[in-house]
Each structure stands twice: as C-alpha cells, then as structure tokens.
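Structure data (TSV, C-alpha atoms) from upload32.tsv:
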```tsv
chain	number	residue	atom	x	y	z
O	1	MET	CA	-20.25	12.09	13.94
O	2	GLU	CA	-22.60	12.26	10.97
O	3	LYS	CA	-21.94	15.87	9.90
O	4	TYR	CA	-19.50	14.92	7.18
O	5	CYS	CA	-19.53	11.90	4.96
O	6	ALA	CA	-17.53	10.77	1.97
O	7	GLU	CA	-19.29	8.91	-0.81
O	8	PHE	CA	-17.23	6.85	-3.17
O	9	GLN	CA	-18.40	5.03	-6.28
O	10	SER	CA	-16.38	3.36	-8.98
O	11	ASN	CA	-16.98	1.42	-12.16
O	12	ASP	CA	-14.61	-1.16	-10.72
O	13	PRO	CA	-15.29	-3.05	-7.46
O	14	VAL	CA	-13.95	-1.20	-4.40
O	15	ILE	CA	-13.87	-4.16	-2.04
O	16	ALA	CA	-14.71	-7.85	-2.31
O	17	LEU	CA	-16.91	-9.42	0.37
O	18	VAL	CA	-17.20	-13.16	0.85
O	19	SER	CA	-18.91	-15.71	3.02
O	20	ARG	CA	-16.11	-16.91	5.28
O	21	GLU	CA	-17.61	-20.37	5.49
O	22	THR	CA	-17.72	-20.71	1.71
O	23	PHE	CA	-14.32	-19.06	1.26
O	24	ASP	CA	-12.55	-21.18	3.88
O	25	ASN	CA	-14.12	-24.40	2.60
O	26	LYS	CA	-12.98	-23.58	-0.94
O	27	LEU	CA	-9.41	-22.93	0.21
O	28	ALA	CA	-9.39	-26.24	2.08
O	29	SER	CA	-10.75	-27.99	-1.03
O	30	ILE	CA	-8.01	-26.50	-3.21
O	31	ALA	CA	-5.35	-27.62	-0.73
O	32	VAL	CA	-6.74	-31.19	-0.66
O	33	ASP	CA	-6.88	-31.29	-4.47
O	34	HIS	CA	-3.16	-30.51	-4.48
O	35	GLY	CA	-2.25	-33.29	-2.07
O	36	ALA	CA	-2.78	-31.79	1.40
O	37	GLU	CA	-4.23	-33.90	4.21
O	38	PHE	CA	-7.07	-32.04	5.91
O	39	TYR	CA	-7.98	-32.75	9.56
O	40	ASP	CA	-11.33	-31.11	10.21
O	41	GLY	CA	-12.01	-30.04	13.78
O	42	LYS	CA	-8.62	-31.24	15.04
O	43	ARG	CA	-7.05	-28.45	17.03
O	44	VAL	CA	-3.31	-28.24	17.54
O	45	LYS	CA	-2.46	-28.93	21.15
O	46	ASP	CA	1.31	-28.59	21.06
O	47	VAL	CA	4.27	-28.02	18.74
O	48	ASN	CA	7.79	-29.32	19.39
O	49	ILE	CA	10.60	-27.83	17.33
O	50	THR	CA	13.92	-29.68	17.31
O	51	THR	CA	17.09	-29.44	15.26
O	52	ASP	CA	15.97	-32.10	12.79
O	53	LYS	CA	12.15	-31.89	12.63
O	54	VAL	CA	8.91	-30.28	13.75
O	55	GLU	CA	6.42	-32.36	15.73
O	56	VAL	CA	2.79	-31.19	15.72
O	57	ILE	CA	0.51	-32.82	18.31
O	58	LEU	CA	-3.25	-32.68	17.77
O	59	GLU	CA	-5.84	-32.68	20.53
O	60	ASP	CA	-6.79	-36.29	19.76
O	61	GLY	CA	-3.19	-37.36	20.36
O	62	LYS	CA	-2.22	-37.77	16.71
O	63	THR	CA	1.35	-36.65	15.96
O	64	ILE	CA	2.47	-35.19	12.62
O	65	ASN	CA	6.17	-34.87	11.81
O	66	SER	CA	7.46	-32.38	9.25
O	67	GLU	CA	10.54	-30.53	8.08
O	68	VAL	CA	8.87	-27.15	8.58
O	69	VAL	CA	5.63	-25.70	9.98
O	70	VAL	CA	3.64	-22.67	8.85
O	71	GLY	CA	1.85	-20.88	11.66
O	72	ALA	CA	-1.43	-19.69	10.13
O	73	ASP	CA	-3.40	-20.48	13.27
O	74	GLY	CA	-4.90	-17.11	14.11
O	75	VAL	CA	-4.40	-14.40	16.71
O	76	SER	CA	-3.57	-16.82	19.55
O	77	SER	CA	-1.09	-18.76	17.43
O	78	ILE	CA	0.31	-21.80	19.24
O	79	VAL	CA	3.02	-22.11	16.58
O	80	ALA	CA	4.22	-18.53	17.18
O	81	GLN	CA	4.22	-19.11	20.94
O	82	LYS	CA	6.16	-22.38	20.75
O	83	ALA	CA	8.70	-20.82	18.40
O	84	GLY	CA	9.27	-17.99	20.87
O	85	LEU	CA	7.92	-15.39	18.45
O	86	SER	CA	4.84	-14.39	20.43
O	87	THR	CA	3.52	-14.43	23.98
O	88	LYS	CA	0.45	-16.30	25.13
O	89	ASN	CA	-1.27	-13.13	26.34
O	90	LYS	CA	-1.11	-11.28	23.03
O	91	VAL	CA	-2.63	-7.80	23.00
O	92	VAL	CA	-5.77	-7.72	20.84
O	93	ASN	CA	-8.69	-5.49	19.90
O	94	ILE	CA	-12.25	-6.80	19.98
O	95	CYS	CA	-15.16	-6.66	17.56
O	96	VAL	CA	-18.72	-8.00	17.54
O	97	PHE	CA	-20.71	-8.73	14.41
O	98	GLN	CA	-23.44	-10.81	12.83
O	99	GLU	CA	-24.41	-11.94	9.35
O	100	TYR	CA	-28.06	-11.61	8.35
O	101	LYS	CA	-29.35	-13.71	5.46
O	102	LEU	CA	-31.86	-11.95	3.22
O	103	ASN	CA	-33.67	-12.37	-0.04
O	104	GLU	CA	-31.46	-10.85	-2.78
O	105	LYS	CA	-34.25	-8.57	-3.99
O	106	ILE	CA	-34.81	-7.19	-0.50
O	107	LEU	CA	-31.09	-6.57	-0.12
O	108	ASP	CA	-31.01	-4.73	-3.47
O	109	ASP	CA	-33.93	-2.57	-2.35
O	110	PHE	CA	-31.90	-1.31	0.63
O	111	THR	CA	-28.42	-1.10	-0.89
O	112	THR	CA	-29.26	-0.62	-4.61
O	113	LYS	CA	-27.76	-2.78	-7.34
O	114	LYS	CA	-24.37	-1.28	-6.49
O	115	HIS	CA	-24.55	-2.76	-2.96
O	116	LEU	CA	-23.49	0.39	-1.15
O	117	CYS	CA	-21.81	-0.12	2.21
O	118	HIS	CA	-21.89	2.21	5.23
O	119	ILE	CA	-19.13	3.01	7.70
O	120	HIS	CA	-19.48	5.14	10.83
O	121	MET	CA	-16.18	6.18	12.37
O	122	VAL	CA	-15.77	6.38	16.17
O	123	TYR	CA	-19.39	5.37	16.68
O	124	SER	CA	-20.56	5.84	20.28
O	125	ASN	CA	-17.12	7.35	21.02
O	126	ILE	CA	-15.46	3.97	20.54
O	127	PRO	CA	-12.04	4.28	18.83
O	128	GLY	CA	-12.74	2.25	15.72
O	129	TYR	CA	-15.78	2.07	13.50
O	130	ALA	CA	-19.18	0.47	12.96
O	131	TRP	CA	-20.10	-1.00	9.60
O	132	MET	CA	-22.82	-2.37	7.41
O	133	PHE	CA	-21.42	-4.38	4.49
O	134	PRO	CA	-23.88	-5.92	2.03
O	135	LYS	CA	-23.02	-9.21	0.35
O	136	LYS	CA	-24.85	-11.12	-2.36
O	137	ASP	CA	-27.61	-12.35	-0.07
O	138	SER	CA	-26.79	-10.97	3.39
O	139	PHE	CA	-25.83	-7.99	5.53
O	140	ASN	CA	-22.70	-8.10	7.68
O	141	ILE	CA	-23.18	-5.63	10.52
O	142	GLY	CA	-20.60	-5.04	13.22
O	143	ILE	CA	-18.60	-2.70	15.41
O	144	GLY	CA	-15.01	-2.97	16.52
O	145	GLU	CA	-12.38	-1.15	18.51
O	146	PHE	CA	-9.14	-0.36	16.70
O	147	ILE	CA	-6.87	1.11	19.34
O	148	PRO	CA	-3.24	1.49	18.23
O	149	TYR	CA	-0.89	-0.40	20.54
O	150	LYS	CA	-3.83	-0.76	23.03
O	151	LYS	CA	-2.25	1.86	25.33
O	152	THR	CA	-5.45	2.56	27.23
O	153	ASP	CA	-7.37	1.30	30.24
O	154	LEU	CA	-10.71	2.36	28.76
O	155	LYS	CA	-13.36	-0.33	28.48
O	156	PHE	CA	-16.14	-0.22	25.93
O	157	ASN	CA	-19.48	-2.01	25.93
O	158	LEU	CA	-19.47	-3.20	22.34
O	159	VAL	CA	-22.73	-5.13	22.68
O	160	TYR	CA	-24.57	-2.02	23.88
O	161	ALA	CA	-22.99	0.02	21.07
O	162	TYR	CA	-23.94	-2.66	18.54
O	163	ASN	CA	-27.60	-2.55	19.62
O	164	SER	CA	-27.56	1.25	19.29
O	165	TYR	CA	-25.98	1.07	15.84
O	166	PHE	CA	-28.43	-1.58	14.66
O	167	ASN	CA	-31.30	0.68	15.74
O	168	LEU	CA	-29.70	3.62	13.90
O	169	LEU	CA	-29.51	1.62	10.68
O	170	GLN	CA	-33.18	0.75	11.00
O	171	LYS	CA	-34.11	4.35	11.81
O	172	LYS	CA	-32.34	5.53	8.65
O	173	LYS	CA	-34.03	2.73	6.66
O	174	LEU	CA	-30.71	1.17	5.68
O	175	ILE	CA	-31.85	-2.28	6.84
O	176	PRO	CA	-35.35	-3.82	7.20
O	177	LEU	CA	-37.36	-2.74	10.22
O	178	ASP	CA	-38.39	-6.32	10.95
O	179	LEU	CA	-34.78	-7.56	11.08
O	180	LYS	CA	-33.88	-9.00	14.50
O	181	ILE	CA	-30.42	-8.71	16.06
O	182	GLY	CA	-30.14	-12.30	17.24
O	183	LYS	CA	-27.02	-13.79	18.84
O	184	LEU	CA	-23.85	-11.82	18.19
O	185	ARG	CA	-20.48	-13.28	17.29
O	186	GLY	CA	-17.15	-11.96	18.50
O	187	GLY	CA	-13.66	-11.74	17.11
O	188	CYS	CA	-10.13	-10.74	18.08
O	189	ILE	CA	-7.94	-8.43	16.03
O	190	PRO	CA	-4.16	-8.36	16.60
O	191	VAL	CA	-2.73	-4.98	17.57
O	192	ASN	CA	0.95	-5.36	16.74
O	193	ILE	CA	2.94	-7.08	14.00
O	194	LEU	CA	5.40	-9.64	15.33
O	195	LYS	CA	8.94	-8.28	15.29
O	196	LYS	CA	10.13	-11.60	13.93
O	197	THR	CA	7.96	-13.94	11.83
O	198	TYR	CA	10.41	-16.82	11.37
O	199	SER	CA	12.72	-19.10	13.30
O	200	ASN	CA	14.33	-22.48	12.73
O	201	ARG	CA	11.79	-24.59	10.80
O	202	VAL	CA	8.98	-22.04	11.37
O	203	VAL	CA	7.31	-19.18	9.49
O	204	VAL	CA	4.19	-17.34	10.70
O	205	CYS	CA	1.51	-15.81	8.41
O	206	GLY	CA	-1.70	-13.80	8.49
O	207	ASP	CA	-3.40	-12.99	11.81
O	208	ALA	CA	-0.83	-15.13	13.64
O	209	ALA	CA	1.85	-12.66	12.56
O	210	GLY	CA	-0.33	-9.62	13.27
O	211	PHE	CA	-0.89	-8.75	9.61
O	212	ILE	CA	-3.99	-6.56	9.94
O	213	ASN	CA	-4.76	-3.16	8.45
O	214	PRO	CA	-4.99	-1.07	11.69
O	215	VAL	CA	-7.45	1.39	10.13
O	216	SER	CA	-9.88	-0.93	8.31
O	217	GLY	CA	-9.31	-4.11	10.33
O	218	GLY	CA	-8.98	-6.14	7.11
O	219	GLY	CA	-6.61	-9.09	7.05
O	220	ILE	CA	-7.45	-11.54	4.24
O	221	TYR	CA	-5.37	-9.67	1.67
O	222	TYR	CA	-2.25	-9.79	3.86
O	223	ALA	CA	-2.90	-13.41	4.82
O	224	MET	CA	-3.01	-14.46	1.17
O	225	ILE	CA	0.09	-12.49	0.21
O	226	SER	CA	2.11	-13.69	3.20
O	227	GLY	CA	0.99	-17.25	2.51
O	228	GLY	CA	2.38	-16.96	-1.00
O	229	ASN	CA	5.61	-15.48	0.35
O	230	ALA	CA	5.93	-18.37	2.80
O	231	ALA	CA	5.38	-20.94	0.03
O	232	SER	CA	8.12	-19.38	-2.09
O	233	VAL	CA	10.67	-19.44	0.72
O	234	ILE	CA	9.76	-22.95	1.88
O	235	TYR	CA	10.10	-24.23	-1.69
O	236	MET	CA	13.62	-22.80	-1.70
O	237	ALA	CA	14.30	-24.37	1.70
O	238	PHE	CA	13.40	-27.82	0.37
O	239	GLU	CA	15.57	-27.29	-2.68
O	240	LYS	CA	18.55	-26.41	-0.52
O	241	GLU	CA	17.59	-28.83	2.28
O	242	ASN	CA	18.08	-25.99	4.71
O	243	PHE	CA	15.33	-25.07	7.19
O	244	ASP	CA	17.41	-22.83	9.46
O	245	SER	CA	16.30	-19.30	10.31
O	246	SER	CA	19.16	-17.94	8.19
O	247	LEU	CA	17.33	-19.08	5.06
O	248	LEU	CA	13.75	-18.68	6.29
O	249	SER	CA	14.53	-15.04	7.14
O	250	ASN	CA	13.95	-14.38	3.43
O	251	TYR	CA	10.25	-14.75	4.20
O	252	GLN	CA	10.29	-11.62	6.36
O	253	ASN	CA	12.14	-9.71	3.65
O	254	LEU	CA	9.46	-10.66	1.12
O	255	TRP	CA	6.39	-9.61	3.11
O	256	MET	CA	8.14	-6.44	4.25
O	257	GLN	CA	8.70	-5.48	0.61
O	258	GLU	CA	5.13	-6.42	-0.35
O	259	PHE	CA	3.16	-4.69	2.40
O	260	GLY	CA	5.17	-4.39	5.61
O	261	ARG	CA	6.15	-0.76	5.25
O	262	ASP	CA	2.56	0.16	4.43
O	263	LEU	CA	1.24	-1.59	7.55
O	264	HIS	CA	3.81	0.18	9.71
O	265	ALA	CA	2.83	3.51	8.13
O	266	LEU	CA	-0.86	2.81	8.72
O	267	SER	CA	-0.08	1.97	12.35
O	268	ARG	CA	1.56	5.36	12.80
O	269	ILE	CA	-1.38	7.26	11.33
O	270	SER	CA	-4.21	5.17	12.79
O	271	ASN	CA	-4.24	7.10	16.06
O	272	LEU	CA	-4.37	10.40	14.16
O	273	TRP	CA	-7.18	9.03	11.97
O	274	LEU	CA	-9.30	8.00	14.95
O	275	LYS	CA	-8.79	11.26	16.85
O	276	ASN	CA	-9.50	13.46	13.83
O	277	SER	CA	-11.80	11.30	11.72
O	278	GLU	CA	-14.48	13.97	11.27
O	279	LYS	CA	-11.97	16.58	10.09
O	280	LEU	CA	-10.23	14.12	7.80
O	281	ILE	CA	-13.52	12.91	6.31
O	282	LYS	CA	-14.43	16.57	5.68
O	283	ILE	CA	-11.18	17.06	3.77
O	284	ILE	CA	-11.44	13.77	1.87
O	285	SER	CA	-15.09	14.30	0.90
O	286	LYS	CA	-14.18	17.50	-0.97
O	287	ASP	CA	-11.68	15.90	-3.30
O	288	LYS	CA	-12.33	12.84	-5.46
O	289	ARG	CA	-8.56	12.38	-5.87
O	290	LEU	CA	-8.20	11.86	-2.15
O	291	ILE	CA	-11.25	9.58	-2.01
O	292	ASP	CA	-9.71	7.37	-4.69
O	293	ILE	CA	-6.31	7.24	-2.99
O	294	VAL	CA	-7.54	6.72	0.59
O	295	SER	CA	-10.03	4.01	-0.38
O	296	GLY	CA	-7.25	2.34	-2.36
O	297	PHE	CA	-4.78	1.97	0.47
O	298	LEU	CA	-7.44	1.21	3.07
O	299	TYR	CA	-8.43	-1.88	1.11
O	300	GLY	CA	-4.99	-3.00	-0.04
O	301	ASN	CA	-5.04	-1.86	-3.66
O	302	LEU	CA	-2.41	0.87	-3.35
O	303	ARG	CA	0.83	1.38	-1.45
O	304	ILE	CA	0.96	4.38	0.88
O	305	ARG	CA	4.59	5.14	0.07
O	306	ASP	CA	3.69	5.65	-3.60
O	307	TYR	CA	1.11	8.34	-2.77
O	308	ARG	CA	2.47	9.92	0.41
O	309	SER	CA	3.58	13.17	-1.26
O	310	LYS	CA	0.24	13.56	-3.07
O	311	ILE	CA	-1.75	13.07	0.14
O	312	ILE	CA	0.37	15.64	1.96
O	313	SER	CA	0.02	18.06	-0.97
O	314	TYR	CA	-3.77	17.70	-1.10
O	315	TYR	CA	-4.02	18.13	2.68
O	316	ILE	CA	-1.96	21.34	2.62
O	317	GLN	CA	-4.03	22.70	-0.25
O	318	ASP	CA	-7.24	22.06	1.67
O	319	ARG	CA	-5.92	23.71	4.83
O	320	ILE	CA	-4.93	26.80	2.83
O	321	LYS	CA	-8.42	26.93	1.32
O	322	ASP	CA	-9.95	26.75	4.82
O	323	VAL	CA	-7.77	29.62	6.07
O	324	LEU	CA	-8.61	31.80	3.04
O	325	GLY	CA	-12.29	30.90	3.17
O	326	ILE	CA	-12.30	29.36	-0.30
O	327	LEU	CA	-15.02	26.76	-0.92
```
Conversion result in structure tokens:
Amino acid sequence: MEKYCAEFQSNDPVIALVSRETFDNKLASIAVDHGAEFYDGKRVKDVNITTDKVEVILEDGKTINSEVVVGADGVSSIVAQKAGLSTKNKVVNICVFQEYKLNEKILDDFTTKKHLCHIHMVYSNIPGYAWMFPKKDSFNIGIGEFIPYKKTDLKFNLVYAYNSYFNLLQKKKLIPLDLKIGKLRGGCIPVNILKKTYSNRVVVCGDAAGFINPVSGGGIYYAMISGGNAASVIYMAFEKENFDSSLLSNYQNLWMQEFGRDLHALSRISNLWLKNSEKLIKIISKDKRLIDIVSGFLYGNLRIRDYRSKIISYYIQDRIKDVLGIL
C-alpha cells in the first residue's frame, strides 16, 4: 500500500479547502443580501407539486408556495423523492472524519508552508481512501468507502480503520503525537447520478442529484456549477412563464455539457482505479505529465475527454518500458 507514492507540487493551488461552517454561512449570507428569506434549522417535512404551484411544508407547519423548487437538500433529498426522481432508500457510500483545530505554527511545522496533504488509497483494504488534508488552522482527517454502484455485500468497520490510520499518521510524525481522536463525524456519499434531474416545477442539484466525483469524493465544485445551471434555466422559465419539464429539461443539458460526461467517465474507471491503485500510482509517479493531468481531473480543473488520448498514450508508453526493462 505504501510502496509507491506520487508527489505533486505546483506554483498554483492544487485544491482549495474550506471550513464548511464558514463557507455555508457565507453562502447563506450572500443569498439573504440578494433578497432570499433564510429559515435556520427549519427542515422540510413535505413537498407538494401541482400543476400550478409548488407547496413546501416545513417541520414547524409553515407552508411556502412557489412557482418552482430547487432540490439542493442533500443525499436523502425530499424534493427528489416527491418529484419521483429518486427513491427514499438511495444507495450511498459512507465516510467518517473529524476536524482538529491547531495553532497555525504547529500546523506549518507538520505540513510545511505549502500545506502538503496525504492520501492513502485502499487503506486497510477498504475500497476508497484515507486522507489528511491541512487547512489554515486545522487538520481534516478521514476515511471513506467509494464503491462504484455499491454492488457488494462486504461490510467495513470504518471507525476501526480510522483509529488505525490516525495512529499511522502519528507514527510517521505527520500529525502531533498528543492529538486525540475525539468524537468522529459521519457522512453519506451518493453512488449514482440521478437519471433525470428535473420534472414539472422541479430541478435537483448537487448531492441531491448524485453529483459527486466517484474517485475523490468531492462534490462542492459540481454543486456550485449545477446551482448556476439551475439559476440560468429558472430565469428563462420565469421569462417565458413556463415551468413545465419540457423547458426545465434544459437544466440537464447544461450540467451534462459542463461536467456530466466527465462524471460518467470517472464512474466507469473508478472500479479499475480502486482495484489497481498501486500499479496506477507507480505509473503516474514516474511521469510529471500524468501527475498534472490526473490531479487536474480529480479535483475538477480539467475535463477527462480533453485528455483521454494523452492518458492512454502515456499508459501504453509506460507498459512498453516495463516490458523492455527501461527505467
């Protein structure tokens, strides 16, 4: 598992890491500044979709009527269920993680000024990866399963694996020895993209639609892009006073053009990646071109379809070198 590693450094940031609490609060603040009404801690209990309106019922009994509703309500989206786009028992992967606040100087001592992150593929034989991501003043440490299509009956003890990984990080002096694990948090990761992300008076975005990179587990990038796509189509719907699925179907066309084909491609290769991660890391680590390309499409900066031929070419070249014994 640790025989081969790929190190990647760039003058430009590779990934951006944020505090979700700060990030989410800022997004809510921006929405309010632009006229949105924000109901903190008010969960949606039910959604009724009729021919002439959408009725959203909150848990405190308050009812909100609208022309259209955007389902951005997470993996277990009530909006997607009520619109007939998703089932209640949606197939998901699981992860466990925790954020550890630290003095910035201590964090720099362990990760350098460049804030190097660490990823261990298929740690403890779990299909997925374990990670240590440094932020400005904290470590985010976690482990998650990323099983394509969840076609398995295998069960994994993620908490046990997390404890083992935490100890490994301390043993390798990647985190402070006096750091305590504390209470872990859990999360759900959608496995499949919804076949249809719109219906009459409804569009579904982000995790609710299954927009997750099946290799990295990242979803914020796709949530933001799909949210913008939804806004564009809904603006057009108000202009035309037409909220039928025939018009809102343009939303699916937009996100498919933006990132849909890449997500489907990543889904197809994710199983290969997990089964052969050590071999693939060996190949990637030898060639900076591949490191640049792979890191780019793992974190949403590049489109796979634009680099597919190059990746195949580099892979074939490496296999030929292995056969001929060329270093």
### Query
What separation in Å, quoted to one decimal, exists between atom CA of Ser232 of chain O and atom CA of Asn253 of chain O?
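Result for atom CA of Ser232 of chain O versus atom CA of Asn253 of chain O: 11.9 Å, one decimal.
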### Message
Could you list, as a PyMOL selection string, every residue within 10 Å of Phe139 of chain O, counting only C-alpha atoms and ignoring same-chain residues fewer than 5 positions away?
### Response
chain O and resi 98-102+107+111+117+131-134+175
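The two atoms in question, atom CA of His115 of chain O and atom CA of Asp178 of chain O, are spaced 19.9 Å apart.
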### Task
Show which residues sit within 10 Å of Tyr198 of chain O, as an MDAnalysis selection string. Count only C-alpha atoms, and ignore same-chain residues fewer than 3 positions away.
chainID O and resid 70:71 80 83:85 194:195 201:205 209 230 244:252
### Task
Grab the atom CA of Thr87 of chain O to atom CA of Ile147 of chain O distance for me, in Å with one decimal place.
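Calculated distance between atom CA of Thr87 of chain O and atom CA of Ile147 of chain O is 19.3 Å.
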#### Entry: From O:Leu263, O:Val68, O:Leu154, O:Val47, residue lying nearest Ala237 of chain O [all atoms listed in the file]
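Smallest distance to Ala237 of chain O is found for O:Val68.
Shortest separation to Leu254 of chain O among O:Val191, O:Tyr235, O:Gly228, O:Gly144 occurs at residue O:Gly228, atoms counted being all atoms listed in the file.
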Your completed segment 68-92 of chain O with N, CA and C atoms, as a CSV table (one decimal), in the frame of the given file:
```csv
chain,number,residue,atom,x,y,z
O,68,VAL,N,9.1,-28.6,8.3
O,68,VAL,CA,8.9,-27.2,8.6
O,68,VAL,C,7.4,-27.0,8.9
O,69,VAL,N,7.0,-26.0,9.7
O,69,VAL,CA,5.6,-25.7,10.0
O,69,VAL,C,5.3,-24.2,9.7
O,70,VAL,N,4.1,-24.0,9.1
O,70,VAL,CA,3.6,-22.7,8.8
O,70,VAL,C,2.6,-22.3,9.9
O,71,GLY,N,2.8,-21.3,10.7
O,71,GLY,CA,1.8,-20.9,11.7
O,71,GLY,C,0.8,-19.9,11.0
O,72,ALA,N,-0.3,-20.5,10.7
O,72,ALA,CA,-1.4,-19.7,10.1
O,72,ALA,C,-2.6,-20.0,11.0
O,73,ASP,N,-2.4,-20.0,12.3
O,73,ASP,CA,-3.4,-20.5,13.3
O,73,ASP,C,-4.0,-19.4,14.1
O,74,GLY,N,-4.1,-18.2,13.5
O,74,GLY,CA,-4.9,-17.1,14.1
O,74,GLY,C,-4.2,-16.3,15.2
O,75,VAL,N,-4.9,-15.4,15.8
O,75,VAL,CA,-4.4,-14.4,16.7
O,75,VAL,C,-3.6,-15.1,17.9
O,76,SER,N,-4.2,-16.1,18.4
O,76,SER,CA,-3.6,-16.8,19.6
O,76,SER,C,-2.7,-18.0,19.1
O,77,SER,N,-1.9,-17.7,18.1
O,77,SER,CA,-1.1,-18.8,17.4
O,77,SER,C,-0.2,-19.6,18.4
O,78,ILE,N,-0.5,-20.9,18.4
O,78,ILE,CA,0.3,-21.8,19.2
O,78,ILE,C,1.7,-22.0,18.6
O,79,VAL,N,1.7,-22.0,17.3
O,79,VAL,CA,3.0,-22.1,16.6
O,79,VAL,C,3.9,-20.9,16.9
O,80,ALA,N,3.4,-19.7,16.9
O,80,ALA,CA,4.2,-18.5,17.2
O,80,ALA,C,4.7,-18.6,18.6
O,81,GLN,N,3.8,-19.0,19.5
O,81,GLN,CA,4.2,-19.1,20.9
O,81,GLN,C,5.3,-20.1,21.1
O,82,LYS,N,5.2,-21.3,20.6
O,82,LYS,CA,6.2,-22.4,20.8
O,82,LYS,C,7.5,-22.0,20.1
O,83,ALA,N,7.5,-21.2,19.1
O,83,ALA,CA,8.7,-20.8,18.4
O,83,ALA,C,9.4,-19.6,19.1
O,84,GLY,N,8.7,-19.1,20.1
O,84,GLY,CA,9.3,-18.0,20.9
O,84,GLY,C,9.1,-16.7,20.2
O,85,LEU,N,8.1,-16.6,19.2
O,85,LEU,CA,7.9,-15.4,18.4
O,85,LEU,C,6.8,-14.5,19.0
O,86,SER,N,6.0,-15.1,19.9
O,86,SER,CA,4.8,-14.4,20.4
O,86,SER,C,4.6,-14.9,21.8
O,87,THR,N,3.9,-14.0,22.6
O,87,THR,CA,3.5,-14.4,24.0
O,87,THR,C,2.1,-15.0,24.0
O,88,LYS,N,1.8,-15.7,25.0
O,88,LYS,CA,0.4,-16.3,25.1
O,88,LYS,C,-0.6,-15.2,25.3
O,89,ASN,N,-0.3,-14.2,26.1
O,89,ASN,CA,-1.3,-13.1,26.3
O,89,ASN,C,-1.0,-12.0,25.4
O,90,LYS,N,-1.3,-12.3,24.1
O,90,LYS,CA,-1.1,-11.3,23.0
O,90,LYS,C,-2.2,-10.2,23.1
O,91,VAL,N,-1.7,-8.9,22.9
O,91,VAL,CA,-2.6,-7.8,23.0
O,91,VAL,C,-3.5,-7.8,21.8
O,92,VAL,N,-4.8,-7.7,22.0
O,92,VAL,CA,-5.8,-7.7,20.8
O,92,VAL,C,-6.8,-6.7,21.0
```
